[in-house]
$ cat protein-v4.pdb   # PDB, C-alpha atoms and all ligand atoms
MODEL        1
ATOM      1  CA  MET A  27     -51.156   7.941  27.636  1.00  0.00           C
ATOM      2  CA  PRO A  28     -52.436  10.485  25.051  1.00  0.00           C
ATOM      3  CA  ASP A  29     -50.878  10.239  21.571  1.00  0.00           C
ATOM      4  CA  ASN A  30     -49.061  13.503  21.700  1.00  0.00           C
ATOM      5  CA  VAL A  31     -47.205  12.976  24.995  1.00  0.00           C
ATOM      6  CA  VAL A  32     -43.448  12.934  24.382  1.00  0.00           C
ATOM      7  CA  ARG A  33     -40.383  12.672  26.592  1.00  0.00           C
ATOM      8  CA  VAL A  34     -38.317  15.863  26.809  1.00  0.00           C
ATOM      9  CA  CYS A  35     -35.470  14.893  29.172  1.00  0.00           C
ATOM     10  CA  SER A  36     -34.738  13.449  32.572  1.00  0.00           C
ATOM     11  CA  GLN A  37     -35.477  15.658  35.567  1.00  0.00           C
ATOM     12  CA  ALA A  38     -31.810  15.400  36.565  1.00  0.00           C
ATOM     13  CA  GLU A  39     -30.734  17.087  33.317  1.00  0.00           C
ATOM     14  CA  ILE A  40     -32.132  20.440  34.460  1.00  0.00           C
ATOM     15  CA  ALA A  41     -30.520  21.812  37.594  1.00  0.00           C
ATOM     16  CA  PRO A  42     -32.746  23.810  39.959  1.00  0.00           C
ATOM     17  CA  ASP A  43     -33.493  27.332  38.715  1.00  0.00           C
ATOM     18  CA  THR A  44     -32.092  26.754  35.239  1.00  0.00           C
ATOM     19  CA  VAL A  45     -33.482  26.278  31.728  1.00  0.00           C
ATOM     20  CA  LYS A  46     -32.309  24.087  28.855  1.00  0.00           C
ATOM     21  CA  ALA A  47     -33.385  23.692  25.227  1.00  0.00           C
ATOM     22  CA  PHE A  48     -34.267  20.300  23.706  1.00  0.00           C
ATOM     23  CA  GLU A  49     -35.101  19.298  20.115  1.00  0.00           C
ATOM     24  CA  ILE A  50     -38.328  17.314  20.198  1.00  0.00           C
ATOM     25  CA  GLY A  51     -40.050  16.115  17.034  1.00  0.00           C
ATOM     26  CA  GLY A  52     -38.941  19.016  14.857  1.00  0.00           C
ATOM     27  CA  ARG A  53     -39.543  21.740  17.415  1.00  0.00           C
ATOM     28  CA  THR A  54     -37.312  23.264  20.058  1.00  0.00           C
ATOM     29  CA  LEU A  55     -38.692  23.351  23.564  1.00  0.00           C
ATOM     30  CA  ALA A  56     -37.348  25.074  26.665  1.00  0.00           C
ATOM     31  CA  ALA A  57     -37.543  23.008  29.857  1.00  0.00           C
ATOM     32  CA  PHE A  58     -37.384  24.873  33.177  1.00  0.00           C
ATOM     33  CA  ASN A  59     -36.762  23.724  36.724  1.00  0.00           C
ATOM     34  CA  ILE A  60     -38.008  26.493  38.996  1.00  0.00           C
ATOM     35  CA  GLY A  61     -37.603  25.598  42.643  1.00  0.00           C
ATOM     36  CA  GLY A  62     -38.058  21.894  41.858  1.00  0.00           C
ATOM     37  CA  LYS A  63     -41.166  22.430  39.709  1.00  0.00           C
ATOM     38  CA  PHE A  64     -40.935  21.713  35.998  1.00  0.00           C
ATOM     39  CA  TYR A  65     -42.325  23.761  33.128  1.00  0.00           C
ATOM     40  CA  VAL A  66     -41.965  23.454  29.348  1.00  0.00           C
ATOM     41  CA  THR A  67     -42.523  26.208  26.783  1.00  0.00           C
ATOM     42  CA  ASP A  68     -41.514  26.924  23.213  1.00  0.00           C
ATOM     43  CA  ASP A  69     -37.858  27.919  23.176  1.00  0.00           C
ATOM     44  CA  GLU A  70     -38.144  30.628  20.538  1.00  0.00           C
ATOM     45  CA  CYS A  71     -38.986  34.107  21.758  1.00  0.00           C
ATOM     46  CA  THR A  72     -42.261  35.389  20.263  1.00  0.00           C
ATOM     47  CA  HIS A  73     -40.634  38.731  19.410  1.00  0.00           C
ATOM     48  CA  ALA A  74     -37.944  37.556  17.001  1.00  0.00           C
ATOM     49  CA  SER A  75     -35.635  34.618  16.581  1.00  0.00           C
ATOM     50  CA  ALA A  76     -33.858  34.062  19.870  1.00  0.00           C
ATOM     51  CA  SER A  77     -33.543  31.037  22.145  1.00  0.00           C
ATOM     52  CA  LEU A  78     -35.079  31.676  25.547  1.00  0.00           C
ATOM     53  CA  ALA A  79     -32.815  28.993  26.989  1.00  0.00           C
ATOM     54  CA  ASP A  80     -29.992  31.502  26.375  1.00  0.00           C
ATOM     55  CA  GLY A  81     -31.851  34.090  28.451  1.00  0.00           C
ATOM     56  CA  MET A  82     -31.746  34.983  32.126  1.00  0.00           C
ATOM     57  CA  LEU A  83     -34.116  33.142  34.479  1.00  0.00           C
ATOM     58  CA  ASP A  84     -35.180  35.256  37.450  1.00  0.00           C
ATOM     59  CA  GLY A  85     -37.692  33.402  39.628  1.00  0.00           C
ATOM     60  CA  GLU A  86     -40.648  32.587  37.359  1.00  0.00           C
ATOM     61  CA  VAL A  87     -39.630  35.106  34.681  1.00  0.00           C
ATOM     62  CA  ILE A  88     -37.389  34.397  31.687  1.00  0.00           C
ATOM     63  CA  GLU A  89     -35.728  37.407  30.099  1.00  0.00           C
ATOM     64  CA  CYS A  90     -34.757  37.111  26.444  1.00  0.00           C
ATOM     65  CA  SER A  91     -31.081  37.761  25.786  1.00  0.00           C
ATOM     66  CA  LEU A  92     -31.665  39.557  22.469  1.00  0.00           C
ATOM     67  CA  HIS A  93     -33.877  42.582  23.282  1.00  0.00           C
ATOM     68  CA  PHE A  94     -34.647  41.872  26.953  1.00  0.00           C
ATOM     69  CA  GLY A  95     -38.345  41.136  26.555  1.00  0.00           C
ATOM     70  CA  ALA A  96     -39.642  38.764  29.227  1.00  0.00           C
ATOM     71  CA  PHE A  97     -42.294  36.110  29.912  1.00  0.00           C
ATOM     72  CA  HIS A  98     -43.905  34.532  32.976  1.00  0.00           C
ATOM     73  CA  VAL A  99     -42.884  30.891  32.568  1.00  0.00           C
ATOM     74  CA  PRO A 100     -45.921  29.168  34.205  1.00  0.00           C
ATOM     75  CA  THR A 101     -48.482  31.007  32.057  1.00  0.00           C
ATOM     76  CA  GLY A 102     -46.468  32.290  29.084  1.00  0.00           C
ATOM     77  CA  ALA A 103     -47.763  35.814  29.734  1.00  0.00           C
ATOM     78  CA  VAL A 104     -45.673  38.725  28.486  1.00  0.00           C
ATOM     79  CA  LYS A 105     -43.863  40.501  31.342  1.00  0.00           C
ATOM     80  CA  ALA A 106     -41.760  43.029  29.420  1.00  0.00           C
ATOM     81  CA  PRO A 107     -41.700  44.628  25.950  1.00  0.00           C
ATOM     82  CA  PRO A 108     -40.824  44.456  23.120  1.00  0.00           C
ATOM     83  CA  CYS A 109     -42.584  41.073  23.343  1.00  0.00           C
ATOM     84  CA  SER A 110     -46.322  41.388  22.709  1.00  0.00           C
ATOM     85  CA  PHE A 111     -47.415  37.798  22.015  1.00  0.00           C
ATOM     86  CA  ALA A 112     -47.675  35.221  24.808  1.00  0.00           C
ATOM     87  CA  LEU A 113     -45.271  32.310  24.879  1.00  0.00           C
ATOM     88  CA  ARG A 114     -46.716  28.848  24.174  1.00  0.00           C
ATOM     89  CA  THR A 115     -46.679  26.596  27.250  1.00  0.00           C
ATOM     90  CA  TYR A 116     -47.174  22.827  27.438  1.00  0.00           C
ATOM     91  CA  LYS A 117     -48.780  20.544  30.005  1.00  0.00           C
ATOM     92  CA  VAL A 118     -45.947  18.764  31.853  1.00  0.00           C
ATOM     93  CA  LEU A 119     -46.111  15.229  33.232  1.00  0.00           C
ATOM     94  CA  LEU A 120     -43.456  13.628  35.442  1.00  0.00           C
ATOM     95  CA  ARG A 121     -42.901   9.869  35.022  1.00  0.00           C
ATOM     96  CA  ASP A 122     -40.090   7.706  36.396  1.00  0.00           C
ATOM     97  CA  GLY A 123     -37.711  10.647  36.755  1.00  0.00           C
ATOM     98  CA  ASP A 124     -38.469  11.993  33.280  1.00  0.00           C
ATOM     99  CA  VAL A 125     -40.099  15.208  32.095  1.00  0.00           C
ATOM    100  CA  LEU A 126     -42.816  14.611  29.482  1.00  0.00           C
ATOM    101  CA  VAL A 127     -45.111  17.059  27.732  1.00  0.00           C
ATOM    102  CA  ASP A 128     -48.504  16.825  26.119  1.00  0.00           C
ATOM    103  CA  LEU A 129     -48.013  18.780  22.889  1.00  0.00           C
ATOM    104  CA  ASP A 130     -51.797  19.202  22.542  1.00  0.00           C
ATOM    105  CA  ARG A 131     -52.380  20.897  25.905  1.00  0.00           C
ATOM    106  CA  ASP A 132     -51.096  24.098  27.434  1.00  0.00           C
ATOM    107  CA  ALA A 133     -49.890  24.318  30.995  1.00  0.00           C
ATOM    108  CA  ALA A 134     -52.685  26.607  32.187  1.00  0.00           C
ATOM    109  CA  GLY A 135     -50.256  27.871  34.813  1.00  0.00           C
ATOM    110  CA  GLU A 136     -49.865  24.446  36.425  1.00  0.00           C
ATOM    111  CA  PRO A 137     -46.374  23.093  37.121  1.00  0.00           C
ATOM    112  CA  ALA A 138     -45.453  19.428  37.455  1.00  0.00           C
TER
HETATM  113  S1  LIG A 201     -36.100  38.302  20.291  1.00  0.00           S
HETATM  114 FE1  LIG A 201     -36.691  38.144  22.368  1.00  0.00          FE
HETATM  115  S2  LIG A 201     -37.076  40.203  22.972  1.00  0.00           S
HETATM  116 FE2  LIG A 201     -36.556  40.338  20.862  1.00  0.00          FE
ENDMDL
END
$ encode --input "protein-v4.pdb" --output "structure tokens"
Amino acid sequence: MPDNVVRVCSQAEIAPDTVKAFEIGGRTLAAFNIGGKFYVTDDECTHASASLADGMLDGEVIECSLHFGAFHVPTGAVKAPPCSFALRTYKVLLRDGDVLVDLDRDAAGEPA
């Protein structure tokens, strides 16, 4: 397993079509279960300081609760202003019922 692969949570901790924040090695990540597929991104909105896990998940789009900017979860692409910088995504791996991420690789739009 690559050095920078870390466990985020168990798959059962994230109900379908919800998002939760987890503290992992000094950073806060948002873990999503979208229709049974798992995605992990940075939790902090790229516009200002807001937790995306407090936002509204609508299909594959997470809307920030602070100024209602939005991102496409699988790719991190901006979907609504005032956000202008893409959200960092992470490559997800599923092992033994757990959600892991490779902190050195982005998701490239691929779920796990
Ligand atoms: S902090 Fe998220 S849209 Fe402003």
$ atom_distance --input "protein-v4.pdb" --atom1 "atom CA of A:Arg33" --atom2 "atom CA of A:Thr72"
23.7 Å
$ residues_near_ligand --input "protein-v4.pdb" --ligand "ligand LIG 201 (chain A)" --cutoff "12 Å" --atoms "all atoms listed in the file" --output "PyMOL selection string"
chain A and resi 69-82+88-97+104-113
$ residues_around --input "protein-v4.pdb" --residues "A:Val31" --least-positions-apart "2" --cutoff "10 Å" --atoms "all atoms listed in the file" --output "PyMOL selection string"
chain A and resi 27-29+33-34+117-119+126-131
$ closest_residue --input "protein-v4.pdb" --among "A:Ala103, A:Tyr65, A:Thr54, A:Asp122" --to "A:Pro42" --atoms "all atoms listed in the file"
A:Tyr65
$ residues_around --input "protein-v4.pdb" --residues "A:Ile60" --least-positions-apart "5" --cutoff "12 Å" --atoms "all atoms listed in the file" --output "PyMOL selection string"
chain A and resi 37+40-46+65-66+83-88+98-100+137-138
$ build_atoms --input "protein-v4.pdb" --residues "stretch 102-117 of chain A" --atoms "N, CA and C atoms" --output "mmCIF file, in the frame of the given file"
data_model
loop_
_atom_site.group_PDB
_atom_site.id
_atom_site.type_symbol
_atom_site.label_atom_id
_atom_site.label_comp_id
_atom_site.auth_asym_id
_atom_site.auth_seq_id
_atom_site.Cartn_x
_atom_site.Cartn_y
_atom_site.Cartn_z
ATOM 1 N N GLY A 102 -46.875 31.789 30.394
ATOM 2 C CA GLY A 102 -46.468 32.290 29.084
ATOM 3 C C GLY A 102 -46.797 33.753 28.874
ATOM 4 N N ALA A 103 -47.359 34.407 29.875
ATOM 5 C CA ALA A 103 -47.763 35.814 29.734
ATOM 6 C C ALA A 103 -46.542 36.712 29.536
ATOM 7 N N VAL A 104 -46.738 37.744 28.711
ATOM 8 C CA VAL A 104 -45.673 38.725 28.486
ATOM 9 C C VAL A 104 -45.459 39.536 29.758
ATOM 10 N N LYS A 105 -44.189 39.702 30.153
ATOM 11 C CA LYS A 105 -43.863 40.501 31.342
ATOM 12 C C LYS A 105 -43.104 41.765 30.998
ATOM 13 N N ALA A 106 -42.506 41.815 29.786
ATOM 14 C CA ALA A 106 -41.760 43.029 29.420
ATOM 15 C C ALA A 106 -41.711 43.147 27.904
ATOM 16 N N PRO A 107 -41.843 44.404 27.378
ATOM 17 C CA PRO A 107 -41.700 44.628 25.950
ATOM 18 C C PRO A 107 -40.237 44.456 25.542
ATOM 19 N N PRO A 108 -39.938 44.279 24.266
ATOM 20 C CA PRO A 108 -40.824 44.456 23.120
ATOM 21 C C PRO A 108 -41.698 43.241 22.803
ATOM 22 N N CYS A 109 -41.709 42.213 23.615
ATOM 23 C CA CYS A 109 -42.584 41.073 23.343
ATOM 24 C C CYS A 109 -44.037 41.525 23.487
ATOM 25 N N SER A 110 -44.903 41.056 22.578
ATOM 26 C CA SER A 110 -46.322 41.388 22.709
ATOM 27 C C SER A 110 -47.205 40.155 22.588
ATOM 28 N N PHE A 111 -46.644 39.037 22.117
ATOM 29 C CA PHE A 111 -47.415 37.798 22.015
ATOM 30 C C PHE A 111 -46.979 36.839 23.117
ATOM 31 N N ALA A 112 -47.969 36.176 23.736
ATOM 32 C CA ALA A 112 -47.675 35.221 24.808
ATOM 33 C C ALA A 112 -46.844 34.059 24.282
ATOM 34 N N LEU A 113 -46.099 33.470 25.180
ATOM 35 C CA LEU A 113 -45.271 32.310 24.879
ATOM 36 C C LEU A 113 -46.124 31.052 25.024
ATOM 37 N N ARG A 114 -45.966 30.112 24.090
ATOM 38 C CA ARG A 114 -46.716 28.848 24.174
ATOM 39 C C ARG A 114 -46.172 27.996 25.320
ATOM 40 N N THR A 115 -47.066 27.493 26.160
ATOM 41 C CA THR A 115 -46.679 26.596 27.250
ATOM 42 C C THR A 115 -47.255 25.209 26.970
ATOM 43 N N TYR A 116 -46.713 24.208 27.627
ATOM 44 C CA TYR A 116 -47.174 22.827 27.438
ATOM 45 C C TYR A 116 -47.443 22.184 28.790
ATOM 46 N N LYS A 117 -48.451 21.323 28.808
ATOM 47 C CA LYS A 117 -48.780 20.544 30.005
ATOM 48 C C LYS A 117 -47.645 19.558 30.277
#
